[in-house]
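Participant: To be precise about what I am sending: the file is called data_30.cif and holds mmCIF, C-alpha atoms (C1' of nucleotides).
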data_query
loop_
_atom_site.group_PDB
_atom_site.id
_atom_site.type_symbol
_atom_site.label_atom_id
_atom_site.label_comp_id
_atom_site.auth_asym_id
_atom_site.auth_seq_id
_atom_site.Cartn_x
_atom_site.Cartn_y
_atom_site.Cartn_z
ATOM 1 C CA MET A 8 4.325 1.099 -1.744
ATOM 2 C CA PRO A 9 1.686 -0.142 -3.925
ATOM 3 C CA GLU A 10 -1.830 1.116 -3.600
ATOM 4 C CA LEU A 11 -4.747 -0.082 -5.660
ATOM 5 C CA PRO A 12 -3.560 1.434 -8.965
ATOM 6 C CA GLU A 13 -0.138 -0.163 -8.682
ATOM 7 C CA VAL A 14 -1.615 -3.538 -7.809
ATOM 8 C CA GLU A 15 -4.096 -3.276 -10.667
ATOM 9 C CA THR A 16 -1.284 -2.269 -13.027
ATOM 10 C CA THR A 17 0.648 -5.310 -11.886
ATOM 11 C CA ARG A 18 -2.406 -7.526 -12.381
ATOM 12 C CA ARG A 19 -2.944 -6.259 -15.913
ATOM 13 C CA GLY A 20 0.707 -6.630 -16.748
ATOM 14 C CA VAL A 21 0.893 -10.164 -15.465
ATOM 15 C CA GLU A 22 -2.469 -11.441 -16.714
ATOM 16 C CA PRO A 23 -1.636 -12.135 -20.381
ATOM 17 C CA HIS A 24 1.539 -13.960 -19.381
ATOM 18 C CA VAL A 25 0.040 -16.212 -16.735
ATOM 19 C CA VAL A 26 -3.571 -17.047 -17.562
ATOM 20 C CA GLY A 27 -3.724 -20.434 -19.233
ATOM 21 C CA ARG A 28 -0.122 -21.248 -18.348
ATOM 22 C CA GLY A 29 0.957 -24.119 -16.202
ATOM 23 C CA ILE A 30 3.173 -23.824 -13.148
ATOM 24 C CA VAL A 31 6.179 -25.968 -13.908
ATOM 25 C CA GLU A 32 7.828 -25.333 -10.578
ATOM 26 C CA MET A 33 7.815 -22.884 -7.742
ATOM 27 C CA ARG A 34 11.002 -21.847 -5.994
ATOM 28 C CA LEU A 35 10.723 -20.237 -2.592
ATOM 29 C CA TYR A 36 13.903 -18.468 -1.527
ATOM 30 C CA GLU A 37 12.647 -16.584 1.521
ATOM 31 C CA LYS A 38 9.631 -17.631 3.536
ATOM 32 C CA ARG A 39 9.935 -14.889 6.144
ATOM 33 C CA LEU A 40 7.528 -12.397 4.609
ATOM 34 C CA ARG A 41 4.883 -10.516 6.576
ATOM 35 C CA TRP A 42 3.549 -13.940 7.469
ATOM 36 C CA LYS A 43 5.670 -17.045 7.213
ATOM 37 C CA VAL A 44 4.972 -18.668 3.863
ATOM 38 C CA GLN A 45 3.622 -22.191 4.146
ATOM 39 C CA GLU A 46 6.560 -24.552 3.831
ATOM 40 C CA ASP A 47 4.972 -26.916 1.303
ATOM 41 C CA LEU A 48 3.354 -24.189 -0.807
ATOM 42 C CA PRO A 49 5.656 -24.865 -3.777
ATOM 43 C CA ASP A 50 4.613 -28.533 -3.811
ATOM 44 C CA LEU A 51 0.950 -27.611 -3.639
ATOM 45 C CA VAL A 52 0.977 -25.320 -6.668
ATOM 46 C CA ALA A 53 3.393 -27.193 -8.926
ATOM 47 C CA GLY A 54 1.656 -28.785 -11.897
ATOM 48 C CA GLN A 55 -1.462 -26.617 -11.641
ATOM 49 C CA PHE A 56 -2.720 -24.218 -14.293
ATOM 50 C CA ILE A 57 -3.409 -20.556 -13.661
ATOM 51 C CA ARG A 58 -7.040 -19.859 -14.565
ATOM 52 C CA HIS A 59 -7.532 -16.217 -13.657
ATOM 53 C CA ALA A 60 -5.562 -13.233 -12.343
ATOM 54 C CA LYS A 61 -7.839 -11.150 -10.129
ATOM 55 C CA ARG A 62 -7.499 -8.396 -7.587
ATOM 56 C CA ARG A 63 -9.303 -7.715 -4.331
ATOM 57 C CA ALA A 64 -8.329 -4.467 -2.627
ATOM 58 C CA LYS A 65 -4.505 -4.546 -2.713
ATOM 59 C CA TYR A 66 -4.323 -8.326 -2.966
ATOM 60 C CA LEU A 67 -3.529 -10.157 -6.181
ATOM 61 C CA LEU A 68 -5.380 -13.437 -6.568
ATOM 62 C CA LEU A 69 -4.074 -16.065 -8.935
ATOM 63 C CA GLU A 70 -6.762 -18.705 -9.282
ATOM 64 C CA LEU A 71 -5.360 -22.156 -9.906
ATOM 65 C CA ASP A 72 -7.133 -25.437 -10.638
ATOM 66 C CA SER A 73 -7.672 -26.284 -6.997
ATOM 67 C CA GLY A 74 -6.832 -23.199 -4.995
ATOM 68 C CA THR A 75 -5.827 -19.538 -5.082
ATOM 69 C CA LEU A 76 -2.490 -17.849 -4.591
ATOM 70 C CA MET A 77 -3.060 -14.650 -2.627
ATOM 71 C CA LEU A 78 -0.231 -12.140 -2.880
ATOM 72 C CA HIS A 79 0.223 -8.767 -1.237
ATOM 73 C CA LEU A 80 2.996 -6.389 -2.326
ATOM 74 C CA GLY A 81 3.320 -4.639 1.038
ATOM 75 C CA MET A 82 5.263 -1.373 0.925
ATOM 76 C CA SER A 83 8.097 -2.300 -1.379
ATOM 77 C CA GLY A 84 7.053 -5.376 -3.307
ATOM 78 C CA SER A 85 6.919 -5.870 -7.045
ATOM 79 C CA LEU A 86 5.994 -8.807 -9.236
ATOM 80 C CA ARG A 87 7.571 -9.135 -12.641
ATOM 81 C CA VAL A 88 7.441 -11.466 -15.612
ATOM 82 C CA LEU A 89 10.956 -12.396 -16.707
ATOM 83 C CA PRO A 90 12.704 -15.108 -18.701
ATOM 84 C CA ALA A 91 13.349 -17.850 -16.151
ATOM 85 C CA ASP A 92 17.122 -17.717 -16.614
ATOM 86 C CA VAL A 93 17.537 -14.088 -15.501
ATOM 87 C CA PRO A 94 19.901 -14.096 -12.499
ATOM 88 C CA LEU A 95 18.436 -13.428 -9.073
ATOM 89 C CA LEU A 96 18.851 -10.092 -7.370
ATOM 90 C CA PRO A 97 18.851 -9.306 -3.655
ATOM 91 C CA HIS A 98 15.345 -9.525 -2.166
ATOM 92 C CA ASP A 99 13.983 -11.835 -4.839
ATOM 93 C CA HIS A 100 11.843 -14.086 -2.641
ATOM 94 C CA PHE A 101 10.199 -16.521 -5.023
ATOM 95 C CA ASP A 102 9.879 -17.656 -8.625
ATOM 96 C CA ILE A 103 6.846 -19.250 -10.194
ATOM 97 C CA ILE A 104 8.242 -20.914 -13.280
ATOM 98 C CA LEU A 105 5.666 -20.940 -16.066
ATOM 99 C CA SER A 106 5.199 -23.376 -18.916
ATOM 100 C CA SER A 107 6.050 -20.524 -21.298
ATOM 101 C CA GLY A 108 9.640 -20.405 -20.099
ATOM 102 C CA ASN A 109 9.023 -17.209 -18.189
ATOM 103 C CA THR A 110 8.927 -16.784 -14.453
ATOM 104 C CA LEU A 111 6.787 -14.686 -12.146
ATOM 105 C CA ARG A 112 9.376 -13.230 -9.811
ATOM 106 C CA PHE A 113 8.580 -11.463 -6.543
ATOM 107 C CA ASN A 114 10.999 -8.923 -5.099
ATOM 108 C CA ASP A 115 10.363 -7.147 -1.812
ATOM 109 C CA PRO A 116 13.182 -5.471 0.125
ATOM 110 C CA ARG A 117 11.150 -4.748 3.257
ATOM 111 C CA ARG A 118 9.321 -8.079 3.318
ATOM 112 C CA PHE A 119 6.005 -6.524 4.276
ATOM 113 C CA GLY A 120 4.437 -8.434 1.425
ATOM 114 C CA SER A 121 2.732 -11.779 1.869
ATOM 115 C CA LEU A 122 1.892 -14.997 0.053
ATOM 116 C CA HIS A 123 -0.849 -17.469 0.938
ATOM 117 C CA TYR A 124 -2.327 -20.479 -0.764
ATOM 118 C CA ILE A 125 -6.044 -20.760 -0.127
ATOM 119 C CA THR A 126 -8.411 -23.561 -0.927
ATOM 120 C CA GLY A 127 -12.079 -22.674 -0.931
ATOM 121 C CA ASP A 128 -13.588 -19.234 -1.356
ATOM 122 C CA PRO A 129 -10.901 -16.541 -1.109
ATOM 123 C CA GLU A 130 -13.499 -13.996 0.052
ATOM 124 C CA GLN A 131 -13.890 -16.070 3.207
ATOM 125 C CA HIS A 132 -10.222 -15.815 4.081
ATOM 126 C CA PRO A 133 -9.738 -13.805 7.302
ATOM 127 C CA LEU A 134 -7.626 -11.219 5.480
ATOM 128 C CA LEU A 135 -10.329 -10.596 2.879
ATOM 129 C CA ALA A 136 -13.558 -11.285 4.731
ATOM 130 C CA LYS A 137 -13.911 -7.894 6.409
ATOM 131 C CA LEU A 138 -12.778 -5.697 3.549
ATOM 132 C CA ALA A 139 -14.951 -2.817 2.358
ATOM 133 C CA PRO A 140 -16.410 -2.580 -1.173
ATOM 134 C CA GLU A 141 -14.129 -1.895 -4.128
ATOM 135 C CA PRO A 142 -13.832 1.886 -4.642
ATOM 136 C CA LEU A 143 -14.279 1.641 -8.410
ATOM 137 C CA GLU A 144 -17.469 -0.372 -8.152
ATOM 138 C CA ALA A 145 -21.012 0.878 -7.757
ATOM 139 C CA ALA A 146 -21.290 -0.159 -4.097
ATOM 140 C CA PHE A 147 -18.852 2.604 -3.217
ATOM 141 C CA ASN A 148 -21.076 5.623 -3.679
ATOM 142 C CA ALA A 149 -22.171 8.786 -1.900
ATOM 143 C CA ASP A 150 -24.915 7.020 0.047
ATOM 144 C CA TYR A 151 -22.440 4.471 1.316
ATOM 145 C CA LEU A 152 -19.749 6.959 2.348
ATOM 146 C CA TRP A 153 -22.354 9.231 3.884
ATOM 147 C CA ARG A 154 -23.724 6.437 6.055
ATOM 148 C CA VAL A 155 -20.285 5.245 7.083
ATOM 149 C CA THR A 156 -18.992 8.674 8.035
ATOM 150 C CA ARG A 157 -21.941 9.830 10.141
ATOM 151 C CA ARG A 158 -20.811 8.547 13.519
ATOM 152 C CA ARG A 159 -17.062 8.684 13.021
ATOM 153 C CA LYS A 160 -14.859 11.310 14.527
ATOM 154 C CA VAL A 161 -11.614 10.192 12.912
ATOM 155 C CA ALA A 162 -9.995 12.536 10.460
ATOM 156 C CA ILE A 163 -11.376 11.912 6.995
ATOM 157 C CA LYS A 164 -7.906 11.118 5.666
ATOM 158 C CA GLN A 165 -7.480 8.286 8.126
ATOM 159 C CA LEU A 166 -10.968 7.038 7.380
ATOM 160 C CA LEU A 167 -10.110 6.832 3.684
ATOM 161 C CA MET A 168 -7.194 4.583 4.603
ATOM 162 C CA ASN A 169 -9.291 2.246 6.756
ATOM 163 C CA SER A 170 -9.743 -0.891 4.678
ATOM 164 C CA GLN A 171 -12.882 -1.888 6.542
ATOM 165 C CA LEU A 172 -14.530 1.240 5.143
ATOM 166 C CA VAL A 173 -12.751 1.912 1.838
ATOM 167 C CA VAL A 174 -10.180 -0.362 0.213
ATOM 168 C CA GLY A 175 -7.296 0.448 -2.070
ATOM 169 C CA VAL A 176 -6.707 4.023 -0.972
ATOM 170 C CA GLY A 177 -3.277 4.410 0.588
ATOM 171 C CA ASN A 178 -1.179 7.344 1.632
ATOM 172 C CA ILE A 179 -0.654 8.901 -1.798
ATOM 173 C CA TYR A 180 -4.178 8.709 -3.132
ATOM 174 C CA ALA A 181 -5.805 9.717 0.166
ATOM 175 C CA SER A 182 -4.032 13.079 -0.002
ATOM 176 C CA GLU A 183 -4.675 13.424 -3.722
ATOM 177 C CA ALA A 184 -8.379 12.582 -3.491
ATOM 178 C CA LEU A 185 -8.897 15.052 -0.638
ATOM 179 C CA PHE A 186 -7.189 17.746 -2.672
ATOM 180 C CA LYS A 187 -9.399 17.020 -5.637
ATOM 181 C CA ALA A 188 -12.505 17.075 -3.431
ATOM 182 C CA LYS A 189 -11.339 20.327 -1.762
ATOM 183 C CA VAL A 190 -11.611 18.835 1.720
ATOM 184 C CA ARG A 191 -8.982 19.303 4.429
ATOM 185 C CA PRO A 192 -7.471 16.002 5.583
ATOM 186 C CA LYS A 193 -7.960 16.762 9.290
ATOM 187 C CA ARG A 194 -11.702 17.323 9.078
ATOM 188 C CA GLN A 195 -13.664 14.912 11.237
ATOM 189 C CA ALA A 196 -15.448 12.443 8.990
ATOM 190 C CA CYS A 197 -18.801 13.119 10.652
ATOM 191 C CA ASN A 198 -18.557 16.823 9.891
ATOM 192 C CA LEU A 199 -18.385 16.496 6.115
ATOM 193 C CA THR A 200 -21.434 17.784 4.329
ATOM 194 C CA ARG A 201 -23.401 15.637 1.947
ATOM 195 C CA GLN A 202 -21.955 17.673 -0.903
ATOM 196 C CA GLU A 203 -18.398 17.090 0.292
ATOM 197 C CA VAL A 204 -19.009 13.372 0.645
ATOM 198 C CA THR A 205 -20.351 13.291 -2.899
ATOM 199 C CA ARG A 206 -17.292 15.151 -4.186
ATOM 200 C CA LEU A 207 -14.974 12.856 -2.260
ATOM 201 C CA VAL A 208 -16.470 9.698 -3.733
ATOM 202 C CA LYS A 209 -16.056 11.111 -7.224
ATOM 203 C CA ALA A 210 -12.510 12.237 -6.422
ATOM 204 C CA VAL A 211 -11.461 8.824 -5.108
ATOM 205 C CA LYS A 212 -12.812 7.136 -8.213
ATOM 206 C CA SER A 213 -11.255 9.579 -10.633
ATOM 207 C CA VAL A 214 -7.845 9.709 -8.949
ATOM 208 C CA LEU A 215 -7.600 5.916 -8.826
ATOM 209 C CA SER A 216 -8.817 5.547 -12.425
ATOM 210 C CA MET A 217 -6.382 8.138 -13.735
ATOM 211 C CA ALA A 218 -3.515 6.493 -11.890
ATOM 212 C CA ILE A 219 -4.393 3.084 -13.320
ATOM 213 C CA LYS A 220 -4.504 4.605 -16.781
ATOM 214 C CA VAL A 221 -0.885 5.761 -16.549
ATOM 215 C CA GLY A 222 0.470 2.705 -14.792
ATOM 216 C CA GLY A 223 0.390 3.861 -11.154
ATOM 217 C CA THR A 224 2.809 6.016 -9.193
ATOM 218 C CA THR A 225 6.513 5.296 -8.914
ATOM 219 C CA LEU A 226 8.233 7.125 -6.076
ATOM 220 C CA ARG A 227 11.087 4.773 -5.269
ATOM 221 C CA ASP A 228 10.968 1.036 -5.892
ATOM 222 C CA TYR A 229 7.689 0.363 -7.651
ATOM 223 C CA VAL A 230 7.779 -1.156 -11.147
ATOM 224 C CA GLY A 231 5.011 -2.860 -13.091
ATOM 225 C CA ALA A 232 5.138 -6.424 -14.373
ATOM 226 C CA ASP A 233 7.188 -5.314 -17.369
ATOM 227 C CA GLY A 234 9.698 -3.462 -15.196
ATOM 228 C CA GLN A 235 8.428 -0.061 -16.259
ATOM 229 C CA PRO A 236 7.695 2.664 -13.676
ATOM 230 C CA GLY A 237 4.275 4.306 -13.350
ATOM 231 C CA TYR A 238 3.775 7.853 -14.538
ATOM 232 C CA PHE A 239 1.183 9.200 -12.106
ATOM 233 C CA ARG A 240 3.924 10.898 -10.126
ATOM 234 C CA GLN A 241 3.906 13.688 -12.689
ATOM 235 C CA LYS A 242 0.223 14.184 -11.992
ATOM 236 C CA LEU A 243 0.446 14.492 -8.219
ATOM 237 C CA PHE A 244 -0.999 17.762 -6.922
ATOM 238 C CA VAL A 245 0.138 17.627 -3.305
ATOM 239 C CA TYR A 246 1.840 14.365 -2.355
ATOM 240 C CA GLU A 247 5.514 14.904 -1.472
ATOM 241 C CA ARG A 248 5.193 18.536 -2.570
ATOM 242 C CA ASN A 249 5.658 20.230 0.803
ATOM 243 C CA LYS A 250 6.360 23.971 0.428
ATOM 244 C CA GLN A 251 6.010 23.799 -3.329
ATOM 245 C CA PRO A 252 3.362 25.964 -4.964
ATOM 246 C CA CYS A 253 -0.109 24.484 -5.278
ATOM 247 C CA ARG A 254 -0.714 23.639 -8.924
ATOM 248 C CA THR A 255 -4.076 25.357 -8.765
ATOM 249 C CA CYS A 256 -3.512 28.520 -6.682
ATOM 250 C CA THR A 257 0.282 28.698 -6.006
ATOM 251 C CA THR A 258 -0.122 28.694 -2.196
ATOM 252 C CA PRO A 259 2.672 26.580 -0.702
ATOM 253 C CA VAL A 260 1.555 23.013 -0.042
ATOM 254 C CA ARG A 261 1.631 22.001 3.613
ATOM 255 C CA GLN A 262 2.706 18.755 5.208
ATOM 256 C CA LEU A 263 1.436 17.316 8.462
ATOM 257 C CA THR A 264 1.397 13.996 10.270
ATOM 258 C CA GLN A 265 -1.686 11.879 10.865
ATOM 259 C CA GLY A 266 -1.448 8.418 12.368
ATOM 260 C CA GLN A 267 2.335 8.425 11.853
ATOM 261 C CA ARG A 268 1.908 9.045 8.122
ATOM 262 C CA SER A 269 2.629 12.186 6.149
ATOM 263 C CA THR A 270 -0.304 14.104 4.740
ATOM 264 C CA TYR A 271 -0.126 16.902 2.182
ATOM 265 C CA TYR A 272 -2.740 19.533 1.395
ATOM 266 C CA CYS A 273 -3.302 23.021 0.078
ATOM 267 C CA PRO A 274 -4.563 25.361 2.817
ATOM 268 C CA THR A 275 -6.264 27.584 0.256
ATOM 269 C CA CYS A 276 -7.952 25.084 -2.046
ATOM 270 C CA GLN A 277 -9.072 22.715 0.693
ATOM 271 C CA LYS A 278 -11.649 23.747 3.299
ATOM 272 C "C1'" DA B 3 -17.455 0.007 18.512
ATOM 273 C "C1'" DT B 4 -13.875 3.351 17.901
ATOM 274 C "C1'" DG B 5 -9.395 5.262 17.802
ATOM 275 C "C1'" DG B 6 -4.449 5.519 18.738
ATOM 276 C "C1'" DG B 7 0.033 3.607 18.685
ATOM 277 C "C1'" DC B 8 3.274 -0.057 17.738
ATOM 278 C "C1'" DA B 9 5.348 -3.574 15.235
ATOM 279 C "C1'" DC B 10 7.172 -5.932 11.328
ATOM 280 C "C1'" DC B 11 11.716 -4.919 7.734
ATOM 281 C "C1'" DT B 12 15.469 -2.785 4.548
ATOM 282 C "C1'" DG B 13 17.583 1.005 2.226
ATOM 283 C "C1'" DG B 14 18.395 5.702 1.111
ATOM 284 C "C1'" DC B 15 19.164 10.216 2.488
ATOM 285 C "C1'" DT B 16 20.609 13.989 5.843
ATOM 286 C "C1'" DG B 17 23.421 16.069 9.003
ATOM 287 C "C1'" DC B 18 26.828 15.941 12.552
ATOM 288 C "C1'" DT C 1 34.279 8.428 5.852
ATOM 289 C "C1'" DG C 2 31.133 6.796 9.420
ATOM 290 C "C1'" DC C 3 27.253 6.527 11.715
ATOM 291 C "C1'" DA C 4 22.989 7.819 14.090
ATOM 292 C "C1'" DG C 5 18.508 9.252 13.053
ATOM 293 C "C1'" DC C 6 14.675 9.731 10.199
ATOM 294 C "C1'" DC C 7 11.719 8.570 6.453
ATOM 295 C "C1'" DA C 8 9.294 5.513 3.025
ATOM 296 C "C1'" DG C 9 3.078 3.257 -1.858
ATOM 297 C "C1'" DG C 10 0.723 -1.268 4.308
ATOM 298 C "C1'" DT C 11 -1.896 -3.156 7.821
ATOM 299 C "C1'" DG C 12 -2.824 -6.467 11.750
ATOM 300 C "C1'" DC C 13 -2.879 -6.431 16.542
ATOM 301 C "C1'" DC C 14 -3.110 -4.776 21.270
ATOM 302 C "C1'" DC C 15 -4.656 -1.489 24.422
ATOM 303 C "C1'" DA C 16 -7.504 2.333 26.376
#
Can the structure from this file be put into structure tokens for me?
Facilitator:
Amino acid sequence: MPELPEVETTRRGVEPHVVGRGIVEMRLYEKRLRWKVQEDLPDLVAGQFIRHAKRRAKYLLLELDSGTLMLHLGMSGSLRVLPADVPLLPHDHFDIILSSGNTLRFNDPRRFGSLHYITGDPEQHPLLAKLAPEPLEAAFNADYLWRVTRRRKVAIKQLLMNSQLVVGVGNIYASEALFKAKVRPKRQACNLTRQEVTRLVKAVKSVLSMAIKVGGTTLRDYVGADGQPGYFRQKLFVYERNKQPCRTCTTPVRQLTQGQRSTYYCPTCQK
DNA sequence: ATGGGCACCTGGCTGC
DNA sequence: TGCAGCCAGGTGCCCA
């Protein structure tokens, strides 16, 4: 589910509740996530304080006194702050009981999410080491995307979803950014003009920023740390709008499949 | 190096 | 009502 805006929304929601708090206890109910959770992880984090709540790509990083908890929400994960005595629901996989009396509770029906405890520099972890620059930072710019697209024949939509080239852009925002940039999703990356690349960089940044501003996109399961859904769904121009009129020109939106994922676009607005 | 396809999981919806 | 089939905010890995 969650793309960068949903993860960032979760980070912001969680941050004021966790930073400066101690971990009284961690309870691990299900270690079979995307990767098996280290058996003794609860023992390792108990008693530590949470110093920072950061994000890298779609990973949440909780920096503790002597290590970092690295969490990924996968397709269906959500992390909430709740009073510790709230009863468990199906697919609640762990609790991090805080000194405030609250708990950080992770729920993930599909179990594509993950949890690691890292000592040392998180950026050196194999899952983070090869990630591209953050899309909302200055390193992701027209020069960068231009250089990276020159020799690549993949469809631009699939390139946007390649985390070695651009991070944080998933299936929703790839379609939305391409609509905003007026570029057809099937275009070969190397055939984009400099002008299109420039538009695309701006579109990615603005679509992600707007989505963060309204708390992300809720389609099915996603909720922020406070349990509230995100409101970007109301601002989607093409995603999940097959056959519905384009919000700009009224042409019916089209759906196609790329790399086993659905793509949506307007055949009139996008060239 | 690049690109394509599969796998990992559960739940909700559709149509027979 | 039941059930098979398909689809879903991700991404690492294996193969050509």
Participant: Since I can't run it myself right now, could you work out what the PyMOL selection byres ((chain A and resi 151-157) around 9) selects here and report it as number ranges by chain?
Facilitator: A: 146-150, 158-161, 163, 166, 172-173, 195-201, 204-205, 207-208
Participant: Using all atoms listed in the file, tabulate the residues of chain B lying at most 10 Å from any atom of segment 109-128 of chain A, each with its closest atom pair and that distance in Å to one decimal, by chain and increasing residue number, as CSV.
Facilitator:
residue,atom,partner,partner_atom,distance
B:DC10,C1',A:Phe119,CA,7.2
B:DC11,C1',A:Arg117,CA,4.5
B:DT12,C1',A:Arg117,CA,4.9
B:DG13,C1',A:Pro116,CA,8.1
Participant: Running the PyMOL selection byres ((chain C and resi 9-13) around 8) on this model by hand, what would come out? Give it as a ChimeraX atom specification.
Facilitator: /A:8-10,81-83,119,177-179,224,226,229 /C:14
Participant: Write a file of the just-selected residues containing C-alpha atoms (C1' of nucleotides), as a JSON list (two decimals), keeping the file's coordinate frame.
Facilitator:
[["chain", "number", "residue", "atom", "x", "y", "z"],
["A", 8, "MET", "CA", 4.32, 1.10, -1.74],
["A", 9, "PRO", "CA", 1.69, -0.14, -3.92],
["A", 10, "GLU", "CA", -1.83, 1.12, -3.60],
["A", 81, "GLY", "CA", 3.32, -4.64, 1.04],
["A", 82, "MET", "CA", 5.26, -1.37, 0.92],
["A", 83, "SER", "CA", 8.10, -2.30, -1.38],
["A", 119, "PHE", "CA", 6.00, -6.52, 4.28],
["A", 177, "GLY", "CA", -3.28, 4.41, 0.59],
["A", 178, "ASN", "CA", -1.18, 7.34, 1.63],
["A", 179, "ILE", "CA", -0.65, 8.90, -1.80],
["A", 224, "THR", "CA", 2.81, 6.02, -9.19],
["A", 226, "LEU", "CA", 8.23, 7.12, -6.08],
["A", 229, "TYR", "CA", 7.69, 0.36, -7.65],
["C", 14, "DC", "C1'", -3.11, -4.78, 21.27]]
Participant: Which residue, A:Leu68, A:Val176, A:Met33, A:Val260, has the smallest gap to chain C when you use only C-alpha atoms (C1' of nucleotides)?
Facilitator: A:Val176
Participant: Which residues are close to Arg28 of chain A, i.e. within 7 Å by only C-alpha atoms (C1' of nucleotides), leaving aside same-chain residues fewer than 5 positions away? Reply as a ChimeraX atom specification.
Facilitator: /A:56-57,105-107
Participant: Atom CA of Leu71 of chain A and atom CA of Asp92 of chain A, how far apart in Å?
Facilitator: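 So the two atoms, atom CA of Asp92 of chain A and atom CA of Leu71 of chain A, lie 23.9 Å apart.
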Participant: Using the chain letters and numbers from the file, give me the residues hit by the PyMOL selection byres ((chain A and resi 261) around 8), as a ChimeraX atom specification.
Facilitator: /A:248-250,259-260,262-263,271-274
Participant: Find the distance between atom CA of His59 of chain A and atom CA of Leu78 of chain A and write it in Å to one decimal.
Facilitator: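 Atom CA of Leu78 of chain A lies 13.6 Å from atom CA of His59 of chain A.
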Participant: Counting all atoms listed in the file, which residues come within 12 Å of (4.6, 5.0, 20.0), with the point read in the file's coordinates, and could you list them as a PyMOL selection string?
Facilitator: (chain A and resi 266-267) or (chain B and resi 6-9)
Participant: If we count only C-alpha atoms (C1' of nucleotides) and set the cut-off at 12 Å, which residues sit around DT16 of chain B, ignoring sequence neighbours fewer than 4 positions away in its own chain? Please answer as a PDB file with C-alpha atoms (C1' of nucleotides), keeping the file's coordinate frame.
Facilitator:
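Result written to part34.pdb:
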ATOM      1  C1'  DC C   3      27.253   6.527  11.715  1.00  0.00           C
ATOM      2  C1'  DA C   4      22.989   7.819  14.090  1.00  0.00           C
ATOM      3  C1'  DG C   5      18.508   9.252  13.053  1.00  0.00           C
ATOM      4  C1'  DC C   6      14.675   9.731  10.199  1.00  0.00           C
ATOM      5  C1'  DC C   7      11.719   8.570   6.453  1.00  0.00           C
TER       6       DC C   7
END
Participant: Using atom CA of Thr275 of chain A and atom CA of Arg194 of chain A as the two end points, give the distance in Å to one decimal.
Facilitator: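 Going from atom CA of Thr275 of chain A over to atom CA of Arg194 of chain A, I get 14.6 Å.
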Participant: Restricting the calculation to only C-alpha atoms (C1' of nucleotides): of A:Leu69, A:Leu51, A:Leu40, A:Ala218, which residue gets closest to chain B?
Facilitator: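 Among A:Leu69, A:Leu51, A:Leu40, A:Ala218, it is A:Leu40 that comes nearest to chain B.
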Participant: Kindly compute an axis-aligned box around the listed atoms of segment 190-198 of chain A, allowing 6 Å on each side, and express its centre and edge lengths in Å to one decimal as JSON.
Facilitator:
{"center_x": -13.1, "center_y": 15.9, "center_z": 6.5, "size_x": 23.3, "size_y": 18.9, "size_z": 21.5}
